[in-house]
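*Asks:* Quick one: the structure is below, and I'll ask about it shortly.
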Amino acid sequence: EESTATSPTDAMQQQQQTTAKQFMEFLPTFYEAVLELLSKERTQSKLVFGADLAPSIVARVLIECFKPIVDSFEKRLGNLCPPPGKNIYGGGGSMDSSMGGAEAIAAAYESTIQFLSLAYDQMEAWNGRQAIVKGKDSKKLSPDDPANGEEEAPLQSVLRSAFHLIASPFLSYQRNLAEIERDP
């Protein structure tokens, strides 16, 4: 009679395969929900703080949304594909590609970059490149206008911080890309 019982290692791998698949399906939906949240936050921020402060406030909300989950996100990426030299089972080496591997990391990174691009586009559109220039009415500024740089510098700084935070779980993969490509 054949045994249908699975070993603890097989059971763990099967659980992680399911978890990896669920995470990859969840990620784009999560990013869409965050974009919707940012849109609603923008509307409320404009009402409460005014149109000039809304983009910067929303960028700070973005940071606060991701601060508590960055470590968990990094661990989930490690379950998809352990960073080079690490293995989810404690040793070094490669992993079963059915769990995700480099392709899963690339898909998660693609979703993240797409999210960051859409978030940036929303905030740029919200900012509208509108500025009040002393002695003049509100006018549309070109990207090369010096006043534009003064207006957007604080927002750009906050956005840069937010984007660095959100993309930080991918840092070890970026640093070791050649090794990951050799052993997907």
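Ordering of the structure tokens sets the chain letters (A, B, ...); residue numbers start at 1 within each chain; ligands are numbered from 1 in the order shown.
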Quick one: everything within 8 Å of Leu35 (chain A), counting only C-alpha atoms, minus sequence neighbours fewer than 3 positions away in the same chain. Send it as a ChimeraX atom specification.
*Replies:* /A:31-32,38-39,115,118-119
*Asks:* If we count only C-alpha atoms and set the cut-off at 9 Å, which residues sit around Phe170 (chain A), ignoring sequence neighbours fewer than 2 positions away in its own chain? Please answer as a VMD selection string.
*Replies:* chain A and resid 74 77 105 109 166 to 168 172 to 175
*Asks:* Taking N, CA, C and O atoms for each residue, export the selection above as an mmCIF file, in the first residue's frame.
*Replies:*
data_model
loop_
_atom_site.group_PDB
_atom_site.id
_atom_site.type_symbol
_atom_site.label_atom_id
_atom_site.label_comp_id
_atom_site.auth_asym_id
_atom_site.auth_seq_id
_atom_site.Cartn_x
_atom_site.Cartn_y
_atom_site.Cartn_z
ATOM 1 N N GLU A 74 8.877 42.543 2.074
ATOM 2 C CA GLU A 74 10.195 41.979 1.799
ATOM 3 C C GLU A 74 10.225 40.477 2.121
ATOM 4 O O GLU A 74 10.799 39.686 1.373
ATOM 5 N N LEU A 77 8.462 38.622 -0.619
ATOM 6 C CA LEU A 77 9.336 38.497 -1.788
ATOM 7 C C LEU A 77 10.348 37.377 -1.562
ATOM 8 O O LEU A 77 10.655 36.610 -2.479
ATOM 9 N N ILE A 105 9.679 37.493 -8.951
ATOM 10 C CA ILE A 105 10.244 38.764 -8.472
ATOM 11 C C ILE A 105 10.093 39.823 -9.562
ATOM 12 O O ILE A 105 9.705 40.961 -9.287
ATOM 13 N N TYR A 109 8.039 43.202 -9.219
ATOM 14 C CA TYR A 109 8.728 44.471 -9.459
ATOM 15 C C TYR A 109 7.998 45.265 -10.539
ATOM 16 O O TYR A 109 7.797 46.477 -10.402
ATOM 17 N N ILE A 166 8.933 52.311 -0.897
ATOM 18 C CA ILE A 166 8.098 51.282 -1.520
ATOM 19 C C ILE A 166 8.933 50.294 -2.328
ATOM 20 O O ILE A 166 8.655 49.091 -2.329
ATOM 21 N N ALA A 167 9.980 50.769 -2.980
ATOM 22 C CA ALA A 167 10.829 49.895 -3.797
ATOM 23 C C ALA A 167 11.944 49.226 -2.990
ATOM 24 O O ALA A 167 12.598 48.312 -3.493
ATOM 25 N N SER A 168 12.148 49.625 -1.747
ATOM 26 C CA SER A 168 13.275 49.106 -0.959
ATOM 27 C C SER A 168 13.294 47.585 -0.795
ATOM 28 O O SER A 168 14.379 47.004 -0.742
ATOM 29 N N SER A 172 17.911 44.083 -2.524
ATOM 30 C CA SER A 172 18.857 42.958 -2.551
ATOM 31 C C SER A 172 18.801 42.226 -3.893
ATOM 32 O O SER A 172 19.817 41.709 -4.360
ATOM 33 N N TYR A 173 17.643 42.196 -4.511
ATOM 34 C CA TYR A 173 17.528 41.559 -5.827
ATOM 35 C C TYR A 173 18.209 42.405 -6.894
ATOM 36 O O TYR A 173 18.864 41.879 -7.790
ATOM 37 N N GLN A 174 18.067 43.718 -6.799
ATOM 38 C CA GLN A 174 18.716 44.606 -7.763
ATOM 39 C C GLN A 174 20.233 44.510 -7.656
ATOM 40 O O GLN A 174 20.928 44.500 -8.662
ATOM 41 N N ARG A 175 20.723 44.448 -6.434
ATOM 42 C CA ARG A 175 22.177 44.382 -6.222
ATOM 43 C C ARG A 175 22.771 43.076 -6.727
ATOM 44 O O ARG A 175 23.938 43.022 -7.070
#
*Asks:* Name all residues at most 10 Å from Gln44 (chain A) (count only C-alpha atoms; drop same-chain ones fewer than 6 positions away) and give them as a PyMOL selection string.
*Replies:* chain A and resi 38+50+54+58
*Asks:* Limited to N, CA, C and O atoms, could you put the picked residues into a file as an mmCIF file, in the first residue's frame?
*Replies:*
data_model
loop_
_atom_site.group_PDB
_atom_site.id
_atom_site.type_symbol
_atom_site.label_atom_id
_atom_site.label_comp_id
_atom_site.auth_asym_id
_atom_site.auth_seq_id
_atom_site.Cartn_x
_atom_site.Cartn_y
_atom_site.Cartn_z
ATOM 1 N N LEU A 38 -5.510 57.082 -2.454
ATOM 2 C CA LEU A 38 -4.804 58.351 -2.679
ATOM 3 C C LEU A 38 -5.712 59.375 -3.362
ATOM 4 O O LEU A 38 -5.665 60.566 -3.035
ATOM 5 N N GLY A 50 -6.420 72.777 1.464
ATOM 6 C CA GLY A 50 -6.259 73.616 0.283
ATOM 7 C C GLY A 50 -5.492 72.897 -0.811
ATOM 8 O O GLY A 50 -4.737 71.958 -0.562
ATOM 9 N N ALA A 54 -2.338 69.866 -0.784
ATOM 10 C CA ALA A 54 -2.874 68.517 -0.990
ATOM 11 C C ALA A 54 -1.861 67.530 -1.584
ATOM 12 O O ALA A 54 -1.717 66.427 -1.055
ATOM 13 N N VAL A 58 -0.783 64.132 0.426
ATOM 14 C CA VAL A 58 -1.089 62.814 -0.134
ATOM 15 C C VAL A 58 0.189 61.992 -0.282
ATOM 16 O O VAL A 58 0.202 60.793 -0.010
#
*Asks:* Could you state the separation of CA of Ser161 (chain A) and CA of Pro55 (chain A) in Å, given to one decimal place?
*Replies:* 14.1 Å
*Asks:* Can you list, as number ranges by chain, all residues belonging to region 21-124 of chain A that DSSP tags as helix (DSSP H, G or I)?
*Replies:* A: 21-49, 54-80, 97-99, 101-124
*Asks:* Could you check how far CA of Glu36 (chain A) sits from CA of Ala102 (chain A), in Å to one decimal?
*Replies:*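 Spanning CA of Glu36 (chain A) to CA of Ala102 (chain A) is a straight-line distance of 29.4 Å.
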*Asks:* For CA of Arg76 (chain A) and CA of Arg160 (chain A), determine how far apart the two atoms are, in Å to one decimal place.
*Replies:* 23.6 Å
*Asks:* Measuring between only C-alpha atoms, which one of A:Pro83, A:Leu47, A:Asp121, A:Ala106 shows the shortest distance to Glu179 (chain A)?
*Replies:*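 Checking each candidate against Glu179 (chain A), we get A:Pro83 as the closest.
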*Asks:* So, counting only C-alpha atoms, which residue among A:Leu159, A:Met123, A:Ala104, A:Ile63 is closest to Phe23 (chain A)?
*Replies:*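 Looking at the shortest contact to Phe23 (chain A), the residue is A:Ala104.
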